[in-house]
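Participant: My structure is stored as run_16.cif, with mmCIF, C-alpha atoms and all ligand atoms.
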data_protein
loop_
_atom_site.group_PDB
_atom_site.id
_atom_site.type_symbol
_atom_site.label_atom_id
_atom_site.label_comp_id
_atom_site.auth_asym_id
_atom_site.auth_seq_id
_atom_site.Cartn_x
_atom_site.Cartn_y
_atom_site.Cartn_z
ATOM 1 C CA MET A 213 106.691 74.989 100.716
ATOM 2 C CA THR A 214 109.477 76.901 102.346
ATOM 3 C CA SER A 215 111.327 75.182 105.155
ATOM 4 C CA ASN A 216 110.284 75.952 108.689
ATOM 5 C CA ALA A 217 113.853 75.412 109.876
ATOM 6 C CA HIS A 218 114.186 78.974 111.146
ATOM 7 C CA LYS A 219 113.070 78.579 114.742
ATOM 8 C CA ALA A 220 114.911 81.544 116.242
ATOM 9 C CA ARG A 221 112.509 84.198 117.429
ATOM 10 C CA TYR A 222 113.130 87.908 117.238
ATOM 11 C CA VAL A 223 111.913 89.787 120.296
ATOM 12 C CA PRO A 224 114.233 92.771 120.909
ATOM 13 C CA THR A 225 113.604 94.777 124.075
ATOM 14 C CA ARG A 226 114.412 98.260 122.811
ATOM 15 C CA GLN A 227 112.916 100.372 120.032
ATOM 16 C CA ALA A 228 114.916 101.102 116.904
ATOM 17 C CA THR A 229 115.132 103.750 114.210
ATOM 18 C CA ILE A 230 117.405 103.910 111.196
ATOM 19 C CA ALA A 231 120.851 105.390 111.739
ATOM 20 C CA ASP A 232 120.707 107.908 108.888
ATOM 21 C CA ARG A 233 118.434 109.324 106.200
ATOM 22 C CA VAL A 234 118.011 107.279 103.014
ATOM 23 C CA GLU A 235 116.482 108.542 99.752
ATOM 24 C CA PHE A 236 114.689 106.921 96.845
ATOM 25 C CA SER A 237 113.095 108.029 93.607
ATOM 26 C CA GLY A 238 110.993 106.157 91.112
ATOM 27 C CA VAL A 239 107.429 105.825 89.904
ATOM 28 C CA GLY A 240 104.206 104.657 91.501
ATOM 29 C CA VAL A 241 103.182 101.261 90.112
ATOM 30 C CA HIS A 242 99.552 102.372 89.929
ATOM 31 C CA ASN A 243 99.574 106.123 89.182
ATOM 32 C CA GLY A 244 102.744 105.962 87.038
ATOM 33 C CA SER A 245 103.925 109.313 88.479
ATOM 34 C CA ALA A 246 107.518 110.170 89.372
ATOM 35 C CA VAL A 247 108.018 110.488 93.120
ATOM 36 C CA SER A 248 110.838 111.009 95.627
ATOM 37 C CA LEU A 249 110.809 109.608 99.121
ATOM 38 C CA SER A 250 113.160 109.695 102.094
ATOM 39 C CA VAL A 251 113.188 107.636 105.282
ATOM 40 C CA ASN A 252 114.468 109.669 108.239
ATOM 41 C CA PRO A 253 115.609 108.735 111.744
ATOM 42 C CA CYS A 254 113.432 109.972 114.594
ATOM 43 C CA ASP A 255 112.804 109.695 118.334
ATOM 44 C CA SER A 256 111.296 106.769 120.202
ATOM 45 C CA ASN A 257 107.505 106.413 120.355
ATOM 46 C CA THR A 258 107.049 108.179 117.016
ATOM 47 C CA GLY A 259 106.131 105.053 115.090
ATOM 48 C CA ILE A 260 106.177 105.151 111.299
ATOM 49 C CA VAL A 261 104.774 108.437 110.002
ATOM 50 C CA PHE A 262 104.312 109.612 106.401
ATOM 51 C CA VAL A 263 104.553 113.323 105.558
ATOM 52 C CA ARG A 264 103.418 114.673 102.175
ATOM 53 C CA THR A 265 106.060 117.328 101.553
ATOM 54 C CA ASP A 266 104.312 118.481 98.355
ATOM 55 C CA ARG A 267 101.327 119.604 100.418
ATOM 56 C CA GLY A 268 103.149 122.447 102.193
ATOM 57 C CA GLN A 269 101.322 123.818 105.217
ATOM 58 C CA THR A 270 98.342 121.589 104.586
ATOM 59 C CA GLY A 271 100.528 118.485 104.709
ATOM 60 C CA MET A 272 99.446 116.568 107.796
ATOM 61 C CA ASP A 273 101.299 113.695 109.357
ATOM 62 C CA ILE A 274 99.845 110.362 108.276
ATOM 63 C CA PRO A 275 100.583 107.711 110.907
ATOM 64 C CA ALA A 276 101.103 104.254 109.431
ATOM 65 C CA ARG A 277 98.269 102.735 111.464
ATOM 66 C CA PHE A 278 95.384 100.494 110.457
ATOM 67 C CA GLN A 279 92.882 103.193 111.490
ATOM 68 C CA MET A 280 94.270 105.349 108.657
ATOM 69 C CA VAL A 281 93.713 102.758 105.917
ATOM 70 C CA CYS A 282 91.459 104.323 103.269
ATOM 71 C CA ALA A 283 91.749 101.794 100.437
ATOM 72 C CA THR A 284 92.785 98.163 100.002
ATOM 73 C CA GLU A 285 92.086 97.644 96.312
ATOM 74 C CA LEU A 286 95.287 96.216 94.751
ATOM 75 C CA CYS A 287 97.430 98.044 97.303
ATOM 76 C CA THR A 288 97.141 99.503 100.785
ATOM 77 C CA ALA A 289 96.544 103.263 101.046
ATOM 78 C CA LEU A 290 96.616 105.520 104.102
ATOM 79 C CA GLY A 291 94.873 108.850 104.226
ATOM 80 C CA VAL A 292 93.748 111.841 106.211
ATOM 81 C CA GLY A 293 90.712 113.041 104.309
ATOM 82 C CA ALA A 294 90.353 112.743 100.569
ATOM 83 C CA SER A 295 93.117 115.098 99.472
ATOM 84 C CA THR A 296 96.055 113.832 101.512
ATOM 85 C CA SER A 297 96.844 110.180 101.202
ATOM 86 C CA VAL A 298 99.723 107.835 100.459
ATOM 87 C CA SER A 299 99.152 104.610 98.570
ATOM 88 C CA THR A 300 101.089 101.381 98.025
ATOM 89 C CA VAL A 301 102.780 101.634 101.418
ATOM 90 C CA GLU A 302 103.090 97.861 101.909
ATOM 91 C CA HIS A 303 106.545 97.065 100.462
ATOM 92 C CA LEU A 304 108.175 99.916 102.396
ATOM 93 C CA MET A 305 106.256 99.004 105.551
ATOM 94 C CA ALA A 306 107.378 95.386 105.120
ATOM 95 C CA ALA A 307 111.018 96.496 104.828
ATOM 96 C CA LEU A 308 110.775 98.579 108.020
ATOM 97 C CA ARG A 309 108.948 95.937 110.057
ATOM 98 C CA GLY A 310 111.012 93.130 108.580
ATOM 99 C CA MET A 311 114.245 94.898 109.584
ATOM 100 C CA GLY A 312 112.913 95.806 113.029
ATOM 101 C CA VAL A 313 112.635 99.584 112.466
ATOM 102 C CA ASP A 314 109.964 100.889 114.864
ATOM 103 C CA ASN A 315 110.326 104.630 114.297
ATOM 104 C CA ALA A 316 110.864 106.591 111.073
ATOM 105 C CA VAL A 317 109.507 109.707 109.383
ATOM 106 C CA ILE A 318 108.897 109.142 105.676
ATOM 107 C CA GLU A 319 108.849 112.281 103.565
ATOM 108 C CA ILE A 320 107.206 111.829 100.169
ATOM 109 C CA ASP A 321 106.474 114.418 97.462
ATOM 110 C CA GLY A 322 103.619 112.530 95.804
ATOM 111 C CA SER A 323 100.672 110.280 96.530
ATOM 112 C CA GLU A 324 102.199 106.850 95.887
ATOM 113 C CA VAL A 325 105.326 105.164 97.282
ATOM 114 C CA PRO A 326 107.773 104.320 94.450
ATOM 115 C CA VAL A 327 107.554 100.687 93.370
ATOM 116 C CA LEU A 328 111.311 100.470 92.602
ATOM 117 C CA ASP A 329 111.901 96.835 91.543
ATOM 118 C CA GLY A 330 108.527 95.599 92.853
ATOM 119 C CA SER A 331 109.995 94.073 96.018
ATOM 120 C CA SER A 332 111.298 95.350 99.385
ATOM 121 C CA GLU A 333 114.938 94.717 98.523
ATOM 122 C CA PRO A 334 115.967 98.280 97.540
ATOM 123 C CA TYR A 335 114.580 99.562 100.857
ATOM 124 C CA VAL A 336 116.291 96.763 102.767
ATOM 125 C CA ALA A 337 119.634 97.380 101.021
ATOM 126 C CA ALA A 338 119.504 101.084 101.897
ATOM 127 C CA ILE A 339 118.591 100.386 105.528
ATOM 128 C CA GLN A 340 121.416 97.851 105.762
ATOM 129 C CA GLN A 341 123.849 100.411 104.378
ATOM 130 C CA VAL A 342 123.132 103.057 107.037
ATOM 131 C CA GLY A 343 122.322 100.564 109.786
ATOM 132 C CA ILE A 344 119.804 100.474 112.613
ATOM 133 C CA ARG A 345 120.089 102.560 115.783
ATOM 134 C CA TYR A 346 118.602 101.251 119.015
ATOM 135 C CA LEU A 347 116.923 103.853 121.201
ATOM 136 C CA ASP A 348 116.835 104.048 124.963
ATOM 137 C CA ALA A 349 113.166 103.157 125.112
ATOM 138 C CA PRO A 350 111.484 99.821 125.766
ATOM 139 C CA ARG A 351 109.763 98.156 122.842
ATOM 140 C CA ARG A 352 106.015 97.625 122.996
ATOM 141 C CA TYR A 353 104.405 94.564 121.418
ATOM 142 C CA ILE A 354 100.844 93.486 120.756
ATOM 143 C CA ARG A 355 100.358 89.973 122.059
ATOM 144 C CA VAL A 356 97.575 87.943 120.468
ATOM 145 C CA LEU A 357 95.720 86.164 123.301
ATOM 146 C CA ARG A 358 93.180 84.114 121.370
ATOM 147 C CA PRO A 359 92.524 83.277 117.717
ATOM 148 C CA ILE A 360 90.839 85.921 115.565
ATOM 149 C CA ARG A 361 89.522 84.631 112.264
ATOM 150 C CA VAL A 362 87.998 86.362 109.248
ATOM 151 C CA GLU A 363 86.450 84.383 106.405
ATOM 152 C CA ILE A 364 85.264 85.905 103.150
ATOM 153 C CA GLY A 365 84.066 83.175 100.810
ATOM 154 C CA ASP A 366 87.039 80.827 100.403
ATOM 155 C CA ARG A 367 89.497 83.383 101.786
ATOM 156 C CA VAL A 368 90.675 82.964 105.361
ATOM 157 C CA GLY A 369 92.799 85.183 107.587
ATOM 158 C CA GLU A 370 93.651 84.308 111.167
ATOM 159 C CA LEU A 371 95.808 85.642 113.975
ATOM 160 C CA SER A 372 96.595 83.266 116.836
ATOM 161 C CA PRO A 373 98.917 83.223 119.880
ATOM 162 C CA HIS A 374 102.656 82.645 119.335
ATOM 163 C CA ASP A 375 105.864 83.768 121.083
ATOM 164 C CA GLY A 376 107.382 85.566 118.130
ATOM 165 C CA PHE A 377 105.949 86.344 114.699
ATOM 166 C CA GLU A 378 105.178 83.452 112.410
ATOM 167 C CA LEU A 379 103.614 83.577 108.960
ATOM 168 C CA ASP A 380 101.689 80.786 107.255
ATOM 169 C CA ILE A 381 100.588 82.062 103.845
ATOM 170 C CA THR A 382 98.880 80.016 101.133
ATOM 171 C CA ILE A 383 97.875 81.178 97.664
ATOM 172 C CA ASP A 384 95.878 79.239 95.094
ATOM 173 C CA PHE A 385 95.713 80.513 91.521
ATOM 174 C CA SER A 386 94.262 78.810 88.469
ATOM 175 C CA SER A 387 97.377 79.857 86.519
ATOM 176 C CA LYS A 388 99.562 76.768 86.106
ATOM 177 C CA VAL A 389 102.700 78.836 86.695
ATOM 178 C CA ILE A 390 101.497 79.710 90.187
ATOM 179 C CA GLY A 391 99.037 77.045 91.330
ATOM 180 C CA ARG A 392 98.956 76.408 95.062
ATOM 181 C CA GLN A 393 101.953 77.637 97.068
ATOM 182 C CA GLN A 394 102.542 77.894 100.802
ATOM 183 C CA VAL A 395 105.211 79.539 102.917
ATOM 184 C CA VAL A 396 105.564 78.940 106.668
ATOM 185 C CA MET A 397 108.215 80.959 108.428
ATOM 186 C CA GLU A 398 109.279 82.549 111.676
ATOM 187 C CA VAL A 399 109.880 86.157 110.622
ATOM 188 C CA THR A 400 113.138 87.689 111.846
ATOM 189 C CA PRO A 401 115.392 90.212 110.117
ATOM 190 C CA ASP A 402 117.538 87.287 108.948
ATOM 191 C CA THR A 403 114.675 85.299 107.418
ATOM 192 C CA PHE A 404 113.021 88.414 106.023
ATOM 193 C CA VAL A 405 116.201 89.430 104.216
ATOM 194 C CA SER A 406 117.156 85.976 102.953
ATOM 195 C CA GLU A 407 113.735 84.501 102.152
ATOM 196 C CA LEU A 408 111.195 87.253 101.476
ATOM 197 C CA CYS A 409 112.461 90.758 100.756
ATOM 198 C CA ARG A 410 113.486 90.035 97.131
ATOM 199 C CA ALA A 411 110.107 88.626 96.075
ATOM 200 C CA ARG A 412 108.474 90.899 93.485
ATOM 201 C CA THR A 413 104.885 91.856 92.909
ATOM 202 C CA PHE A 414 103.163 90.123 89.994
ATOM 203 C CA GLY A 415 100.280 90.530 87.595
ATOM 204 C CA PHE A 416 98.553 89.041 84.587
ATOM 205 C CA MET A 417 98.613 90.501 81.072
ATOM 206 C CA ASP A 418 94.942 89.605 80.718
ATOM 207 C CA ASP A 419 94.101 92.060 83.508
ATOM 208 C CA VAL A 420 96.095 94.981 82.142
ATOM 209 C CA GLU A 421 93.400 96.714 80.120
ATOM 210 C CA LYS A 422 90.899 96.483 82.944
ATOM 211 C CA LEU A 423 93.482 97.812 85.416
ATOM 212 C CA TRP A 424 94.403 100.724 83.165
ATOM 213 C CA ALA A 425 90.734 101.583 82.622
ATOM 214 C CA ASN A 426 90.382 101.851 86.398
ATOM 215 C CA GLY A 427 93.550 103.887 86.886
ATOM 216 C CA PHE A 428 95.672 101.029 88.241
ATOM 217 C CA GLY A 429 98.921 99.554 86.995
ATOM 218 C CA LEU A 430 99.868 102.665 84.973
ATOM 219 C CA GLY A 431 103.484 102.418 86.171
ATOM 220 C CA ALA A 432 103.755 98.637 85.974
ATOM 221 C CA SER A 433 106.438 97.165 83.728
ATOM 222 C CA LEU A 434 108.748 94.192 83.455
ATOM 223 C CA GLU A 435 111.221 96.295 85.470
ATOM 224 C CA ASN A 436 109.001 96.232 88.551
ATOM 225 C CA SER A 437 106.616 93.272 88.227
ATOM 226 C CA VAL A 438 106.588 89.637 87.322
ATOM 227 C CA VAL A 439 104.165 89.545 84.403
ATOM 228 C CA LEU A 440 102.297 86.391 83.398
ATOM 229 C CA SER A 441 100.545 85.648 80.134
ATOM 230 C CA ASP A 442 98.999 82.353 79.063
ATOM 231 C CA ASP A 443 100.811 80.501 81.830
ATOM 232 C CA LYS A 444 104.162 81.961 80.764
ATOM 233 C CA ILE A 445 106.411 84.382 82.601
ATOM 234 C CA LEU A 446 107.252 87.288 80.290
ATOM 235 C CA ASN A 447 110.265 88.537 82.266
ATOM 236 C CA GLN A 448 113.423 87.391 80.516
ATOM 237 C CA GLU A 449 115.280 86.984 83.792
ATOM 238 C CA GLY A 450 112.636 84.575 85.090
ATOM 239 C CA LEU A 451 111.814 84.202 88.773
ATOM 240 C CA ARG A 452 113.982 85.016 91.793
ATOM 241 C CA PHE A 453 112.511 82.034 93.688
ATOM 242 C CA ALA A 454 110.537 79.091 92.301
ATOM 243 C CA ASP A 455 107.718 80.165 94.641
ATOM 244 C CA GLU A 456 108.304 83.925 94.365
ATOM 245 C CA PHE A 457 104.535 84.556 94.203
ATOM 246 C CA VAL A 458 103.668 83.280 97.671
ATOM 247 C CA ARG A 459 106.807 84.855 99.102
ATOM 248 C CA HIS A 460 105.586 88.201 97.786
ATOM 249 C CA LYS A 461 102.188 87.639 99.407
ATOM 250 C CA ALA A 462 104.034 86.965 102.670
ATOM 251 C CA LEU A 463 105.977 90.218 102.205
ATOM 252 C CA ASP A 464 102.702 92.080 101.595
ATOM 253 C CA ALA A 465 101.216 90.537 104.748
ATOM 254 C CA ILE A 466 104.172 91.739 106.835
ATOM 255 C CA GLY A 467 103.681 95.260 105.492
ATOM 256 C CA ASP A 468 99.929 95.228 106.064
ATOM 257 C CA ILE A 469 100.103 93.682 109.536
ATOM 258 C CA ALA A 470 102.775 96.273 110.452
ATOM 259 C CA LEU A 471 99.900 98.757 110.435
ATOM 260 C CA ALA A 472 98.973 97.356 113.860
ATOM 261 C CA GLY A 473 101.414 100.072 114.964
ATOM 262 C CA TYR A 474 103.511 97.724 117.099
ATOM 263 C CA PRO A 475 105.128 94.380 116.350
ATOM 264 C CA ILE A 476 102.782 91.446 116.842
ATOM 265 C CA LEU A 477 103.509 88.473 119.057
ATOM 266 C CA GLY A 478 101.403 85.972 117.179
ATOM 267 C CA ARG A 479 101.006 83.783 114.138
ATOM 268 C CA TYR A 480 99.341 85.112 111.005
ATOM 269 C CA ARG A 481 97.814 82.594 108.645
ATOM 270 C CA SER A 482 96.070 83.450 105.409
ATOM 271 C CA VAL A 483 94.648 81.385 102.591
ATOM 272 C CA ARG A 484 93.946 83.221 99.306
ATOM 273 C CA GLY A 485 94.458 86.464 101.193
ATOM 274 C CA GLY A 486 95.320 89.965 100.138
ATOM 275 C CA HIS A 487 95.436 93.547 101.343
ATOM 276 C CA ARG A 488 91.737 93.723 102.137
ATOM 277 C CA LEU A 489 91.725 90.520 104.176
ATOM 278 C CA ASN A 490 94.905 91.539 106.025
ATOM 279 C CA HIS A 491 93.240 94.807 106.977
ATOM 280 C CA GLN A 492 90.015 93.116 108.039
ATOM 281 C CA VAL A 493 91.884 90.746 110.333
ATOM 282 C CA LEU A 494 93.594 93.685 112.060
ATOM 283 C CA GLN A 495 90.240 95.434 112.352
ATOM 284 C CA ALA A 496 88.709 92.297 113.888
ATOM 285 C CA LEU A 497 91.598 92.006 116.342
ATOM 286 C CA PHE A 498 91.223 95.565 117.597
ATOM 287 C CA ASP A 499 87.438 95.183 117.737
ATOM 288 C CA ALA A 500 87.953 92.382 120.302
ATOM 289 C CA PRO A 501 89.680 93.878 123.383
ATOM 290 C CA ASP A 502 89.896 90.445 125.035
ATOM 291 C CA ALA A 503 91.885 89.053 122.098
ATOM 292 C CA TRP A 504 95.078 91.036 122.614
ATOM 293 C CA SER A 505 97.115 93.020 125.099
ATOM 294 C CA TYR A 506 100.054 95.376 125.033
ATOM 295 C CA VAL A 507 103.294 93.915 126.296
ATOM 296 C CA ASP A 508 105.955 96.431 127.299
ATOM 297 C CA MET A 509 109.498 95.168 127.490
ATOM 298 C CA PRO A 510 111.423 95.901 130.666
ATOM 299 C CA ALA A 511 113.209 99.241 130.503
ATOM 300 C CA ARG A 512 116.631 97.829 131.260
ATOM 301 C CA ARG A 513 118.374 95.114 129.362
ATOM 302 C CA GLU A 514 117.499 91.625 130.552
ATOM 303 C CA LYS A 515 119.627 88.631 129.772
ATOM 304 C CA ALA A 516 117.485 85.830 131.110
ATOM 305 C CA ALA A 517 113.890 84.816 130.631
ATOM 306 C CA GLY A 518 111.633 87.225 132.479
ATOM 307 C CA THR A 519 108.048 87.666 133.477
ATOM 308 C CA ILE A 520 106.430 90.805 132.212
ATOM 309 C CA ALA A 521 103.125 92.591 132.011
ATOM 310 C CA ALA A 522 99.997 90.475 132.377
ATOM 311 C CA GLY A 523 102.048 87.715 133.963
ATOM 312 C CA VAL A 524 102.979 86.285 130.588
ATOM 313 C CA ALA A 525 106.457 84.792 130.533
ATOM 314 C CA VAL A 526 108.373 85.564 127.379
ATOM 315 C CA PRO A 527 112.041 85.200 126.568
ATOM 316 C CA ALA A 528 113.727 88.593 126.919
ATOM 317 C CA PHE A 529 116.583 88.865 124.477
ATOM 318 C CA GLY A 530 119.176 91.569 124.352
ATOM 319 C CA PRO A 531 118.225 94.398 122.018
ATOM 320 C CA ASP A 532 120.737 93.583 119.343
ATOM 321 C CA VAL A 533 120.414 89.845 118.913
ATOM 322 C CA SER A 534 117.848 87.881 117.010
HETATM 323 ZN ZN ZN A 601 102.943 93.667 97.024
#
In C-alpha cells, write the structure found in this file.

Facilitator:
Amino acid sequence: MTSNAHKARYVPTRQATIADRVEFSGVGVHNGSAVSLSVNPCDSNTGIVFVRTDRGQTGMDIPARFQMVCATELCTALGVGASTSVSTVEHLMAALRGMGVDNAVIEIDGSEVPVLDGSSEPYVAAIQQVGIRYLDAPRRYIRVLRPIRVEIGDRVGELSPHDGFELDITIDFSSKVIGRQQVVMEVTPDTFVSELCRARTFGFMDDVEKLWANGFGLGASLENSVVLSDDKILNQEGLRFADEFVRHKALDAIGDIALAGYPILGRYRSVRGGHRLNHQVLQALFDAPDAWSYVDMPARREKAAGTIAAGVAVPAFGPDVS
C-alpha cells in the first residue's frame, strides 16, 4: 500500500491551459491504427475538447464530459453519434487532470488516442516541457456533499466529501503476480507525477485471442503494456513499481473521473473497479442534485483561508502553488 504521507492539497484558484502546442503519434492499443494527436492551448471555460481533424466539415467538437461517454468496455470512449467518436481517452485525460490543465483542444486524426508507452508519462513529459499557463479566470470545482455509492456484485465505487482530491483504489486479482493491492493518495501534480503517471496498462496472455476476436488489443505489445502469462511478467524490463497494477488503476480513475468536467473536491474509493464503474459513479453523482454543488473560486487571488459559495470554508491557495 502506497504511503499516505502526501497531505498537501491542490486547490488552485485560477484555470490553466498548456503554454504551447504539443504533438504525439503512435498507435491505438485496441484498433492498432496509426494516429497523430496534438494538445493545443485555448481560452478559459473551454474545458477539454476533442476534435476529429480527419472528419473535415463533419468533424464536431467532442467535449470530454461524462455525458459523452459511449463505451466503457476495456477503455473509455466519447462520441457524438456513431460515426464520430474518440476512444481510450483515459491516459491523456489523467495527464491533463493530474497536471491541473483545465482547458485544451485536442486535435486527433483517428478514432483512438495513441497508447504510447501504456502510461501517462509521455503526455506528462510533454506538458512539463512547454509548461502550464494560468488564465485570468476563476477555477470551478465540483464539491461532493454526501457519499454516493455504486455496487455491482463485489465491485464498489464511492465518492465522498473531502477538501481536495483523494484516491483510495483497491484491486484484487487471482493472478499471484497481482493479488490484492491498494493505493491511498492525495492527488496533486507532484504526487501524480512521482507516484502514478508512469504506471502502465496491463493484460493477460490468456485473454489475447478473445480480445483480438472482439477487435480489442490489436495494437497491444510489450512496448505499451505489462503482459502477464502463467503468473509471470513477460516484459524483460519488469515492473516500474512493485504495485504498478493498482497505480495504473488509480491513473485510469483520475482520467475517468476527469470527465466530470471540473475538478472534484472529494474522495474517490473503488474496490475491483474499472472504466464502467467509474462512469457509473459519475452518473450517480449527477443524478443526485443534493449530492454535489459547484464551487467557484474567488476571482482575485486570495492568500488566506476564505469562505466561498454555499458558505463552505475551503483553503484558498494561490494559483501557482500546490
Ligand atoms: Zn489504463

Participant: To check your reading of the model: which residues sit at most 7 Å from ligand ZN 601 (chain A) when counting all atoms listed in the file? Write the answer as JSON, numbers by chain.

Facilitator: {"A": [302, 303, 413, 460, 461, 463, 464]}

Participant: The PyMOL selection byres (((chain A and resi 333) around 12) and not hetatm) on the file shown: which residues, as a VMD selection string?

Facilitator: chain A and resid 303 to 308 310 to 311 327 to 332 334 to 340 404 to 413 436 452 460 463

Participant: Please, could you write that set of residues out with C-alpha atoms as a tab-separated table (two decimals), keeping the file's coordinate frame?

Facilitator:
chain	number	residue	atom	x	y	z
A	303	HIS	CA	106.54	97.06	100.46
A	304	LEU	CA	108.18	99.92	102.40
A	305	MET	CA	106.26	99.00	105.55
A	306	ALA	CA	107.38	95.39	105.12
A	307	ALA	CA	111.02	96.50	104.83
A	308	LEU	CA	110.78	98.58	108.02
A	310	GLY	CA	111.01	93.13	108.58
A	311	MET	CA	114.24	94.90	109.58
A	327	VAL	CA	107.55	100.69	93.37
A	328	LEU	CA	111.31	100.47	92.60
A	329	ASP	CA	111.90	96.84	91.54
A	330	GLY	CA	108.53	95.60	92.85
A	331	SER	CA	110.00	94.07	96.02
A	332	SER	CA	111.30	95.35	99.38
A	334	PRO	CA	115.97	98.28	97.54
A	335	TYR	CA	114.58	99.56	100.86
A	336	VAL	CA	116.29	96.76	102.77
A	337	ALA	CA	119.63	97.38	101.02
A	338	ALA	CA	119.50	101.08	101.90
A	339	ILE	CA	118.59	100.39	105.53
A	340	GLN	CA	121.42	97.85	105.76
A	404	PHE	CA	113.02	88.41	106.02
A	405	VAL	CA	116.20	89.43	104.22
A	406	SER	CA	117.16	85.98	102.95
A	407	GLU	CA	113.74	84.50	102.15
A	408	LEU	CA	111.20	87.25	101.48
A	409	CYS	CA	112.46	90.76	100.76
A	410	ARG	CA	113.49	90.04	97.13
A	411	ALA	CA	110.11	88.63	96.08
A	412	ARG	CA	108.47	90.90	93.48
A	413	THR	CA	104.88	91.86	92.91
A	436	ASN	CA	109.00	96.23	88.55
A	452	ARG	CA	113.98	85.02	91.79
A	460	HIS	CA	105.59	88.20	97.79
A	463	LEU	CA	105.98	90.22	102.20

Participant: From the options A:Ala454, A:Val439, A:Leu494, A:Met397, which residue's atoms come nearest to Ala220 (chain A), counting all atoms listed in the file?

Facilitator: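 When distances to Ala220 (chain A) are compared using all atoms listed in the file, the smallest one comes from A:Met397.
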
Participant: Tell me which residues the PyMOL selection byres (((chain A and resi 274) around 6) and not hetatm) grabs here, as a PyMOL selection string.

Facilitator: chain A and resi 261-262+273+275

Participant: Run the PyMOL selection byres (((chain A and resi 394) around 7) and not hetatm) against the file shown and list the residues it catches, as a VMD selection string.

Facilitator: chain A and resid 213 381 to 383 392 to 393 395 to 396 458

Participant: Report as a compact mmCIF listing (two decimals) with C-alpha atoms, in the coordinates of the input all protein, DNA and RNA residues lying within 12 Å of Trp424 (chain A), evaluated on only C-alpha atoms, omitting residues in the same chain fewer than 5 positions from it.

Facilitator:
# COMPACT_ATOMS: atom_id res chain seq x y z
CA VAL A 241 103.18 101.26 90.11
CA HIS A 242 99.55 102.37 89.93
CA ASN A 243 99.57 106.12 89.18
CA GLY A 244 102.74 105.96 87.04
CA MET A 417 98.61 90.50 81.07
CA ASP A 418 94.94 89.60 80.72
CA ASP A 419 94.10 92.06 83.51
CA GLY A 429 98.92 99.55 87.00
CA LEU A 430 99.87 102.66 84.97
CA GLY A 431 103.48 102.42 86.17
CA ALA A 432 103.76 98.64 85.97

Participant: Could you name the residues that touch Lys388 (chain A) at 10 Å or less, counting only C-alpha atoms, but leaving out those on the same chain fewer than 6 positions away, as a PDB file with C-alpha atoms, in the frame of the given file?

Facilitator:
ATOM      1  CA  ASP A 442      98.999  82.353  79.063  1.00  0.00           C
ATOM      2  CA  ASP A 443     100.811  80.501  81.830  1.00  0.00           C
ATOM      3  CA  LYS A 444     104.162  81.961  80.764  1.00  0.00           C
TER       4      LYS A 444
END

Participant: Got a sec: who's within 9 Å of Leu249 (chain A), counting only C-alpha atoms, leaving out chain neighbours fewer than 6 positions off, as a list in words?

Facilitator: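 In the requested form, the answer reads Val234, Glu235, Phe236, Ser237, Gly238, Ile318, Glu319, Ile320, Asp321, Gly322, Val325 and Pro326 of chain A.
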